[in-house]
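Here's entry-v2.pdb, which has PDB, C-alpha atoms and all ligand atoms:
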ATOM      1  CA  MET A   1     109.691-195.394 133.741
ATOM      2  CA  ALA A   2     108.624-192.020 135.075
ATOM      3  CA  LYS A   3     106.169-189.346 134.036
ATOM      4  CA  LEU A   4     105.899-185.861 135.469
ATOM      5  CA  SER A   5     103.526-182.966 135.787
ATOM      6  CA  ILE A   6     104.624-179.376 136.475
ATOM      7  CA  ILE A   7     102.340-177.661 138.986
ATOM      8  CA  GLU A   8     102.320-173.872 138.946
ATOM      9  CA  THR A   9     102.296-172.475 142.481
ATOM     10  CA  GLY A  10     101.800-168.773 141.918
ATOM     11  CA  LEU A  11     102.801-165.440 140.469
ATOM     12  CA  TRP A  12     104.094-162.698 142.737
ATOM     13  CA  ASP A  13     106.344-159.671 143.158
ATOM     14  CA  VAL A  14     109.490-159.778 145.247
ATOM     15  CA  PRO A  15     112.190-157.170 145.952
ATOM     16  CA  ARG A  16     114.379-157.138 142.826
ATOM     17  CA  ASN A  17     117.604-157.239 144.866
ATOM     18  CA  GLU A  18     116.766-160.805 145.914
ATOM     19  CA  ILE A  19     116.796-162.078 142.342
ATOM     20  CA  ILE A  20     119.421-159.902 140.710
ATOM     21  CA  GLN A  21     122.374-158.599 142.664
ATOM     22  CA  ALA A  22     122.123-154.835 142.196
ATOM     23  CA  GLU A  23     124.634-153.502 139.683
ATOM     24  CA  THR A  24     125.130-150.098 141.316
ATOM     25  CA  PRO A  25     124.489-148.562 144.748
ATOM     26  CA  ASP A  26     121.770-146.584 143.033
ATOM     27  CA  ILE A  27     119.893-149.635 141.794
ATOM     28  CA  TYR A  28     120.457-151.322 145.131
ATOM     29  CA  ALA A  29     118.843-148.399 146.909
ATOM     30  CA  GLN A  30     115.846-148.422 144.545
ATOM     31  CA  ASN A  31     115.253-152.155 145.154
ATOM     32  CA  ARG A  32     112.524-152.284 142.529
ATOM     33  CA  ARG A  33     109.888-154.989 142.271
ATOM     34  CA  HIS A  34     110.435-158.104 140.230
ATOM     35  CA  THR A  35     107.698-160.531 139.195
ATOM     36  CA  ILE A  36     108.380-164.237 139.597
ATOM     37  CA  CYS A  37     106.444-167.488 139.265
ATOM     38  CA  GLY A  38     106.967-170.748 141.116
ATOM     39  CA  HIS A  39     106.273-174.433 140.630
ATOM     40  CA  CYS A  40     106.404-177.846 142.182
ATOM     41  CA  VAL A  41     106.607-181.178 140.365
ATOM     42  CA  LEU A  42     104.687-184.405 140.694
ATOM     43  CA  VAL A  43     106.575-187.440 139.417
ATOM     44  CA  GLN A  44     104.915-190.806 139.017
ATOM     45  CA  ASP A  45     107.700-193.314 139.108
ATOM     46  CA  GLU A  46     107.391-197.024 138.472
ATOM     47  CA  LYS A  47     109.365-197.946 141.587
ATOM     48  CA  GLU A  48     108.956-195.055 144.023
ATOM     49  CA  GLY A  49     105.331-194.229 143.296
ATOM     50  CA  ASN A  50     104.126-190.631 143.709
ATOM     51  CA  ILE A  51     106.987-188.243 144.316
ATOM     52  CA  LEU A  52     106.154-184.620 145.084
ATOM     53  CA  TRP A  53     109.023-182.175 144.844
ATOM     54  CA  ASP A  54     108.221-178.921 146.691
ATOM     55  CA  THR A  55     104.900-177.691 148.046
ATOM     56  CA  GLY A  56     104.518-173.996 147.157
ATOM     57  CA  ILE A  57     103.220-171.131 149.319
ATOM     58  CA  THR A  58     100.768-171.435 152.168
ATOM     59  CA  SER A  59      97.298-170.145 151.334
ATOM     60  CA  ASP A  60      96.853-168.640 154.828
ATOM     61  CA  TRP A  61      99.851-166.328 154.437
ATOM     62  CA  GLU A  62      97.739-163.254 155.201
ATOM     63  CA  MET A  63      96.974-164.599 158.647
ATOM     64  CA  THR A  64     100.313-166.143 159.507
ATOM     65  CA  TRP A  65     103.078-164.057 157.934
ATOM     66  CA  PRO A  66     104.935-161.200 159.638
ATOM     67  CA  GLU A  67     103.892-157.710 158.551
ATOM     68  CA  GLN A  68     107.179-156.982 156.785
ATOM     69  CA  PHE A  69     106.695-159.980 154.485
ATOM     70  CA  LYS A  70     103.209-158.877 153.577
ATOM     71  CA  LYS A  71     104.712-155.533 152.522
ATOM     72  CA  ASP A  72     107.601-157.052 150.576
ATOM     73  CA  TYR A  73     105.565-159.541 148.533
ATOM     74  CA  THR A  74     102.530-158.945 146.327
ATOM     75  CA  PHE A  75     100.581-161.936 145.084
ATOM     76  CA  TYR A  76      98.731-161.956 141.762
ATOM     77  CA  LYS A  77      97.958-165.632 141.716
ATOM     78  CA  LEU A  78      98.333-168.391 144.281
ATOM     79  CA  SER A  79      97.506-172.027 143.622
ATOM     80  CA  ASN A  80      95.838-174.330 146.090
ATOM     81  CA  LEU A  81      98.102-177.373 146.213
ATOM     82  CA  GLU A  82      95.375-179.795 147.268
ATOM     83  CA  GLU A  83      93.228-178.685 144.341
ATOM     84  CA  LYS A  84      96.145-179.131 141.959
ATOM     85  CA  LEU A  85      96.790-182.619 143.317
ATOM     86  CA  ARG A  86      93.097-183.445 143.030
ATOM     87  CA  GLU A  87      93.216-182.539 139.343
ATOM     88  CA  LEU A  88      95.899-185.204 139.038
ATOM     89  CA  GLY A  89      93.703-187.704 140.878
ATOM     90  CA  LEU A  90      95.637-187.467 144.159
ATOM     91  CA  VAL A  91      95.288-186.400 147.787
ATOM     92  CA  PRO A  92      98.233-185.625 150.127
ATOM     93  CA  ALA A  93      98.051-189.117 151.680
ATOM     94  CA  ASP A  94      98.792-190.626 148.242
ATOM     95  CA  ILE A  95     102.261-189.125 148.139
ATOM     96  CA  ASP A  96     104.965-191.732 148.739
ATOM     97  CA  LEU A  97     107.982-189.461 148.796
ATOM     98  CA  LEU A  98     107.923-185.747 149.564
ATOM     99  CA  ILE A  99     111.045-183.773 148.719
ATOM    100  CA  CYS A 100     111.644-180.139 149.640
ATOM    101  CA  SER A 101     114.277-178.560 147.439
ATOM    102  CA  HIS A 102     114.878-176.224 150.374
ATOM    103  CA  LEU A 103     112.794-174.812 153.213
ATOM    104  CA  HIS A 104     112.039-171.248 152.112
ATOM    105  CA  TYR A 105     108.408-170.061 152.334
ATOM    106  CA  ASP A 106     107.683-170.600 148.627
ATOM    107  CA  HIS A 107     108.828-174.241 148.629
ATOM    108  CA  ALA A 108     107.878-175.554 152.069
ATOM    109  CA  GLY A 109     104.752-173.469 152.658
ATOM    110  CA  ASN A 110     102.290-176.333 152.337
ATOM    111  CA  LEU A 111     104.142-178.966 154.357
ATOM    112  CA  LYS A 112     101.331-178.757 156.888
ATOM    113  CA  LYS A 113      98.994-180.449 154.392
ATOM    114  CA  PHE A 114     101.139-183.563 154.819
ATOM    115  CA  ARG A 115     101.089-183.798 158.629
ATOM    116  CA  HIS A 116     100.955-187.396 159.833
ATOM    117  CA  THR A 117     100.959-188.744 156.273
ATOM    118  CA  ARG A 118     103.468-191.386 155.208
ATOM    119  CA  ALA A 119     105.468-188.875 153.182
ATOM    120  CA  GLY A 120     105.074-186.060 155.713
ATOM    121  CA  LYS A 121     106.719-188.106 158.447
ATOM    122  CA  CYS A 122     110.023-188.222 156.520
ATOM    123  CA  VAL A 123     110.287-185.277 154.150
ATOM    124  CA  LEU A 124     113.518-185.488 152.194
ATOM    125  CA  ILE A 125     115.812-182.449 152.431
ATOM    126  CA  SER A 126     119.555-181.939 152.247
ATOM    127  CA  GLU A 127     121.654-182.227 155.382
ATOM    128  CA  ALA A 128     123.135-178.761 154.774
ATOM    129  CA  GLU A 129     119.644-177.247 154.444
ATOM    130  CA  ALA A 130     118.539-178.901 157.686
ATOM    131  CA  HIS A 131     121.374-177.256 159.612
ATOM    132  CA  GLU A 132     120.775-173.878 157.997
ATOM    133  CA  ALA A 133     117.014-173.761 158.376
ATOM    134  CA  PHE A 134     116.413-175.473 161.710
ATOM    135  CA  VAL A 135     119.255-173.797 163.573
ATOM    136  CA  LYS A 136     118.337-170.359 162.289
ATOM    137  CA  VAL A 137     114.579-170.474 162.926
ATOM    138  CA  SER A 138     115.191-171.995 166.349
ATOM    139  CA  MET A 139     117.550-169.218 167.363
ATOM    140  CA  SER A 140     115.299-166.460 166.061
ATOM    141  CA  PRO A 141     112.985-165.064 168.775
ATOM    142  CA  ASP A 142     110.029-164.753 166.404
ATOM    143  CA  GLY A 143     110.780-167.929 164.438
ATOM    144  CA  VAL A 144     111.562-166.049 161.238
ATOM    145  CA  PHE A 145     114.980-165.987 159.640
ATOM    146  CA  GLY A 146     115.346-164.684 156.086
ATOM    147  CA  ALA A 147     112.796-166.640 154.050
ATOM    148  CA  TYR A 148     112.466-169.449 156.643
ATOM    149  CA  PHE A 149     109.402-169.560 158.903
ATOM    150  CA  ARG A 150     109.576-171.847 161.929
ATOM    151  CA  ASN A 151     105.828-172.466 162.004
ATOM    152  CA  GLU A 152     105.858-173.644 158.368
ATOM    153  CA  ILE A 153     108.633-176.217 158.768
ATOM    154  CA  ILE A 154     108.511-177.449 162.364
ATOM    155  CA  MET A 155     105.275-179.012 163.605
ATOM    156  CA  ASP A 156     103.870-182.260 164.973
ATOM    157  CA  GLY A 157     103.330-184.851 162.288
ATOM    158  CA  ILE A 158     106.141-183.558 160.080
ATOM    159  CA  GLY A 159     109.541-185.246 160.240
ATOM    160  CA  TYR A 160     112.584-185.248 158.000
ATOM    161  CA  GLN A 161     115.211-187.478 156.466
ATOM    162  CA  THR A 162     118.320-186.018 154.878
ATOM    163  CA  ILE A 163     120.714-186.707 152.043
ATOM    164  CA  SER A 164     124.214-185.313 152.054
ATOM    165  CA  GLU A 165     125.245-186.375 148.585
ATOM    166  CA  ASP A 166     123.785-186.702 145.107
ATOM    167  CA  THR A 167     121.451-189.680 144.939
ATOM    168  CA  TRP A 168     119.501-191.684 142.380
ATOM    169  CA  VAL A 169     116.216-192.348 144.206
ATOM    170  CA  SER A 170     115.048-194.574 141.359
ATOM    171  CA  ASP A 171     116.173-195.501 137.857
ATOM    172  CA  ASP A 172     114.825-192.246 136.420
ATOM    173  CA  VAL A 173     115.003-189.731 139.264
ATOM    174  CA  PHE A 174     118.317-188.225 140.332
ATOM    175  CA  LEU A 175     118.641-185.699 143.146
ATOM    176  CA  PHE A 176     121.634-183.379 143.302
ATOM    177  CA  ILE A 177     122.651-180.860 145.922
ATOM    178  CA  GLN A 178     123.265-177.276 144.860
ATOM    179  CA  ARG A 179     125.164-174.891 147.109
ATOM    180  CA  GLY A 180     124.831-171.171 146.485
ATOM    181  CA  HIS A 181     121.347-169.777 147.053
ATOM    182  CA  THR A 182     121.244-171.670 150.384
ATOM    183  CA  PRO A 183     123.811-174.221 151.610
ATOM    184  CA  GLY A 184     121.843-177.127 150.100
ATOM    185  CA  VAL A 185     119.118-176.741 147.472
ATOM    186  CA  ILE A 186     118.061-180.110 146.051
ATOM    187  CA  GLY A 187     117.746-180.170 142.267
ATOM    188  CA  MET A 188     116.086-183.028 140.401
ATOM    189  CA  LEU A 189     116.700-184.751 137.082
ATOM    190  CA  VAL A 190     113.780-186.797 135.732
ATOM    191  CA  ARG A 191     114.000-189.070 132.693
ATOM    192  CA  THR A 192     110.860-189.692 130.669
ATOM    193  CA  GLU A 193     110.478-192.019 127.726
ATOM    194  CA  GLU A 194     108.703-189.864 125.134
ATOM    195  CA  ASN A 195     109.449-186.317 126.229
ATOM    196  CA  GLY A 196     113.089-186.625 127.177
ATOM    197  CA  ASN A 197     114.889-185.487 130.296
ATOM    198  CA  PHE A 198     114.184-182.553 132.595
ATOM    199  CA  LEU A 199     116.478-180.755 135.004
ATOM    200  CA  PHE A 200     114.626-178.936 137.762
ATOM    201  CA  VAL A 201     117.124-176.568 139.340
ATOM    202  CA  THR A 202     114.688-174.480 141.421
ATOM    203  CA  ASP A 203     116.445-171.684 143.341
ATOM    204  CA  GLY A 204     119.834-173.146 142.434
ATOM    205  CA  ILE A 205     119.232-170.896 139.379
ATOM    206  CA  TYR A 206     116.246-168.533 139.490
ATOM    207  CA  SER A 207     116.142-167.597 135.829
ATOM    208  CA  LYS A 208     117.695-167.654 132.407
ATOM    209  CA  LEU A 209     119.130-164.229 133.173
ATOM    210  CA  ASN A 210     121.004-165.599 136.198
ATOM    211  CA  PHE A 211     122.160-168.616 134.153
ATOM    212  CA  GLY A 212     123.721-166.492 131.416
ATOM    213  CA  PRO A 213     126.281-166.573 130.049
ATOM    214  CA  PRO A 214     127.376-164.312 131.544
ATOM    215  CA  VAL A 215     126.198-165.492 134.952
ATOM    216  CA  VAL A 216     124.286-162.858 136.932
ATOM    217  CA  LEU A 217     124.439-163.482 140.665
ATOM    218  CA  PRO A 218     121.226-163.296 142.648
ATOM    219  CA  GLY A 219     121.020-161.086 145.739
ATOM    220  CA  LEU A 220     120.019-164.041 147.905
ATOM    221  CA  CYS A 221     123.178-166.110 147.761
ATOM    222  CA  VAL A 222     125.055-167.577 150.727
ATOM    223  CA  ASP A 223     128.073-168.618 148.635
ATOM    224  CA  PRO A 224     128.791-166.880 145.277
ATOM    225  CA  LYS A 225     131.767-169.102 144.424
ATOM    226  CA  SER A 226     129.718-172.274 144.850
ATOM    227  CA  TYR A 227     126.854-170.644 142.950
ATOM    228  CA  MET A 228     129.130-170.179 139.926
ATOM    229  CA  GLU A 229     130.469-173.731 140.232
ATOM    230  CA  ASN A 230     126.931-175.071 140.378
ATOM    231  CA  ILE A 231     126.053-173.280 137.153
ATOM    232  CA  ASP A 232     129.001-174.958 135.409
ATOM    233  CA  ARG A 233     127.806-178.260 136.777
ATOM    234  CA  ILE A 234     124.233-177.706 135.575
ATOM    235  CA  ARG A 235     125.540-176.931 132.090
ATOM    236  CA  ALA A 236     127.479-180.206 132.172
ATOM    237  CA  LEU A 237     124.500-182.200 133.489
ATOM    238  CA  ALA A 238     122.175-180.711 130.861
ATOM    239  CA  LYS A 239     124.656-181.716 128.171
ATOM    240  CA  LYS A 240     125.306-185.188 129.548
ATOM    241  CA  TYR A 241     121.613-186.059 129.795
ATOM    242  CA  ASP A 242     120.452-183.871 126.918
ATOM    243  CA  ALA A 243     118.051-182.377 129.455
ATOM    244  CA  LYS A 244     115.797-179.338 129.321
ATOM    245  CA  ILE A 245     116.448-176.933 132.216
ATOM    246  CA  VAL A 246     113.432-175.659 134.138
ATOM    247  CA  PHE A 247     114.504-172.554 136.066
ATOM    248  CA  GLY A 248     113.151-171.811 139.534
ATOM    249  CA  HIS A 249     111.363-168.494 139.132
ATOM    250  CA  ASP A 250     111.462-167.279 135.511
ATOM    251  CA  VAL A 251     108.113-165.936 134.275
ATOM    252  CA  GLU A 252     109.045-165.694 130.587
ATOM    253  CA  ASP A 253     110.904-168.979 130.332
ATOM    254  CA  PHE A 254     108.172-170.811 132.243
ATOM    255  CA  LYS A 255     105.650-170.103 129.461
ATOM    256  CA  GLN A 256     107.101-172.878 127.310
ATOM    257  CA  TRP A 257     106.046-175.700 129.667
ATOM    258  CA  LYS A 258     102.875-177.754 129.697
ATOM    259  CA  LEU A 259     101.351-177.413 133.149
ATOM    260  CA  SER A 260      99.353-179.782 135.353
ATOM    261  CA  PRO A 261      97.051-181.594 134.944
ATOM    262  CA  GLU A 262      98.955-182.367 131.739
ATOM    263  CA  TRP A 263     101.851-184.818 131.830
ATOM    264  CA  TYR A 264     105.247-185.249 130.270
ATOM    265  CA  ARG A 265     105.566-188.982 129.707
TER
HETATM  266 ZN    ZN B 301     112.066-169.883 145.688
END

Using the file provided, produce a representation of the structure as structure tokens.
Ligand SMILES: [Zn+2]
Amino acid sequence: MAKLSIIETGLWDVPRNEIIQAETPDIYAQNRRHTICGHCVLVQDEKEGNILWDTGITSDWEMTWPEQFKKDYTFYKLSNLEEKLRELGLVPADIDLLICSHLHYDHAGNLKKFRHTRAGKCVLISEAEAHEAFVKVSMSPDGVFGAYFRNEIIMDGIGYQTISEDTWVSDDVFLFIQRGHTPGVIGMLVRTEENGNFLFVTDGIYSKLNFGPPVVLPGLCVDPKSYMENIDRIRALAKKYDAKIVFGHDVEDFKQWKLSPEWYR
């Protein structure tokens, strides 16, 4: 059996064009602001133990981020991951399996808290994401490429393992690879006994608006055709498992969920 807790990571503004592909050249040029929230998930699984899926945004962003990023993003609220884990009775060393849906700043930002820990030595990511992120930050002279920061994902004490296909990591936790936003965003299905099944799609689908129907493409999308196919697949998965979909960055939709330190059991 598994239980899960949804940990809110923050509330912030991003350039609108990232989330919603601009409808007209005019709207594209305006590139308004768009408020999003983020989350990670702690799963306590009978077999696998403590599984943490995503890590949120680094709290020292003001000191470590490039100037352009500090201009593009405005934070209203930022959670401290260690504090959130503490509220659940955990410290980073208690995590048995750490999964990063993908390696953008708002999902991998706190990997450094897991340096030299059991889980930190073999963070689970998708093979396609590894090639995208590590090649690009390595080739970039300042270590920044799009939303990937070299110093947040490559460091001593952090290692990786990869999956290249959909995988049940335990009886109740299924990981699936979503191509579209990046080449390999890991989504997660968790089955609970009392509260039913949850589909965490993260940046595979930012929001209900993107999900549609009709589907609205995001601006940040490496492969629109695969993005559309993934949405069809998510609809099928949600139906098959009668699962509730938790979107990656949807402020309004997110209000319906119970947040940590509460649990879905
Ligand atoms: Zn994101």

Practice item. Residues within 7 Å of ligand ZN 301 (chain B) should be enumerated using only C-alpha atoms and all ligand atoms and returned as a list of chain:residue names. Key: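 I would give the residues around ligand ZN 301 (chain B) as A:Gly38, A:His104, A:Asp106, A:His107, A:Thr202, A:Asp203, A:Gly248, A:His249.
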
Practice item. List the residues matched by the PyMOL selection byres (((chain A and resi 149) around 12) and not hetatm) in the displayed structure as a VMD selection string, ordered by chain and then by residue number. Key: chain A and resid 57 to 58 61 64 to 66 69 103 to 111 133 to 148 150 to 155

Practice item. Take atom CA of A:Leu217 and atom CA of A:Ile231 and report the distance between them in Å, one decimal. Key: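 Calculated distance between atom CA of A:Leu217 and atom CA of A:Ile231 is 10.5 Å.
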
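The space between atom CA of A:Glu132 and atom CA of A:Gly184 spans 8.6 Å.
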
Exercise for review: Pull out every residue that the PyMOL selection byres (((chain A and resi 77-83) around 9) and not hetatm) matches in the shown coordinates and put them as a ChimeraX atom specification.
Suggested key: /A:7-12,55-59,75-76,84-88,90-92,110,113

Selected residues written out with C-alpha atoms, as an mmCIF file, in the frame of the given file:
data_model
loop_
_atom_site.group_PDB
_atom_site.id
_atom_site.type_symbol
_atom_site.label_atom_id
_atom_site.label_comp_id
_atom_site.auth_asym_id
_atom_site.auth_seq_id
_atom_site.Cartn_x
_atom_site.Cartn_y
_atom_site.Cartn_z
ATOM 1 C CA ILE A 7 102.340 -177.661 138.986
ATOM 2 C CA GLU A 8 102.320 -173.872 138.946
ATOM 3 C CA THR A 9 102.296 -172.475 142.481
ATOM 4 C CA GLY A 10 101.800 -168.773 141.918
ATOM 5 C CA LEU A 11 102.801 -165.440 140.469
ATOM 6 C CA TRP A 12 104.094 -162.698 142.737
ATOM 7 C CA THR A 55 104.900 -177.691 148.046
ATOM 8 C CA GLY A 56 104.518 -173.996 147.157
ATOM 9 C CA ILE A 57 103.220 -171.131 149.319
ATOM 10 C CA THR A 58 100.768 -171.435 152.168
ATOM 11 C CA SER A 59 97.298 -170.145 151.334
ATOM 12 C CA PHE A 75 100.581 -161.936 145.084
ATOM 13 C CA TYR A 76 98.731 -161.956 141.762
ATOM 14 C CA LYS A 84 96.145 -179.131 141.959
ATOM 15 C CA LEU A 85 96.790 -182.619 143.317
ATOM 16 C CA ARG A 86 93.097 -183.445 143.030
ATOM 17 C CA GLU A 87 93.216 -182.539 139.343
ATOM 18 C CA LEU A 88 95.899 -185.204 139.038
ATOM 19 C CA LEU A 90 95.637 -187.467 144.159
ATOM 20 C CA VAL A 91 95.288 -186.400 147.787
ATOM 21 C CA PRO A 92 98.233 -185.625 150.127
ATOM 22 C CA ASN A 110 102.290 -176.333 152.337
ATOM 23 C CA LYS A 113 98.994 -180.449 154.392
#

Check your understanding: How many Å separate atom CA of A:Arg33 from atom CA of A:Lys71?
Key -> 11.5 Å

Check your understanding: For A:Tyr264, which residue among A:Asp26, A:Glu252, A:Asp232, A:Glu194 is the nearest when counting all atoms listed in the file?
Key ->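 Among the listed residues, the smallest separation from A:Tyr264 belongs to A:Glu194.
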
Expansion of the PyMOL selection byres (((chain A and resi 241) around 12) and not hetatm) into residues, as a PDB file with C-alpha atoms, keeping the file's coordinate frame:
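Result file follows (part-v8.pdb):
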ATOM      1  CA  ASP A 172     114.825-192.246 136.420  1.00  0.00           C
ATOM      2  CA  PHE A 174     118.317-188.225 140.332  1.00  0.00           C
ATOM      3  CA  LEU A 189     116.700-184.751 137.082  1.00  0.00           C
ATOM      4  CA  VAL A 190     113.780-186.797 135.732  1.00  0.00           C
ATOM      5  CA  ARG A 191     114.000-189.070 132.693  1.00  0.00           C
ATOM      6  CA  THR A 192     110.860-189.692 130.669  1.00  0.00           C
ATOM      7  CA  GLY A 196     113.089-186.625 127.177  1.00  0.00           C
ATOM      8  CA  ASN A 197     114.889-185.487 130.296  1.00  0.00           C
ATOM      9  CA  PHE A 198     114.184-182.553 132.595  1.00  0.00           C
ATOM     10  CA  LEU A 199     116.478-180.755 135.004  1.00  0.00           C
ATOM     11  CA  ILE A 234     124.233-177.706 135.575  1.00  0.00           C
ATOM     12  CA  ARG A 235     125.540-176.931 132.090  1.00  0.00           C
ATOM     13  CA  ALA A 236     127.479-180.206 132.172  1.00  0.00           C
ATOM     14  CA  LEU A 237     124.500-182.200 133.489  1.00  0.00           C
ATOM     15  CA  ALA A 238     122.175-180.711 130.861  1.00  0.00           C
ATOM     16  CA  LYS A 239     124.656-181.716 128.171  1.00  0.00           C
ATOM     17  CA  LYS A 240     125.306-185.188 129.548  1.00  0.00           C
ATOM     18  CA  ASP A 242     120.452-183.871 126.918  1.00  0.00           C
ATOM     19  CA  ALA A 243     118.051-182.377 129.455  1.00  0.00           C
ATOM     20  CA  LYS A 244     115.797-179.338 129.321  1.00  0.00           C
ATOM     21  CA  ILE A 245     116.448-176.933 132.216  1.00  0.00           C
TER      22      ILE A 245
END

Exercise for review: Fewer than 5 positions away in the same chain doesn't count, so skip those; otherwise give me all residues within 9 Å of A:His116, counting all atoms listed in the file, as an NGL selection string.
Suggested key: :A and (93 or 121 or 156-159)

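Checking A:Arg179, A:Lys225, A:His131, A:Lys255 one by one against A:Val201, counting all atoms listed in the file, you find the shortest gap at A:Arg179.
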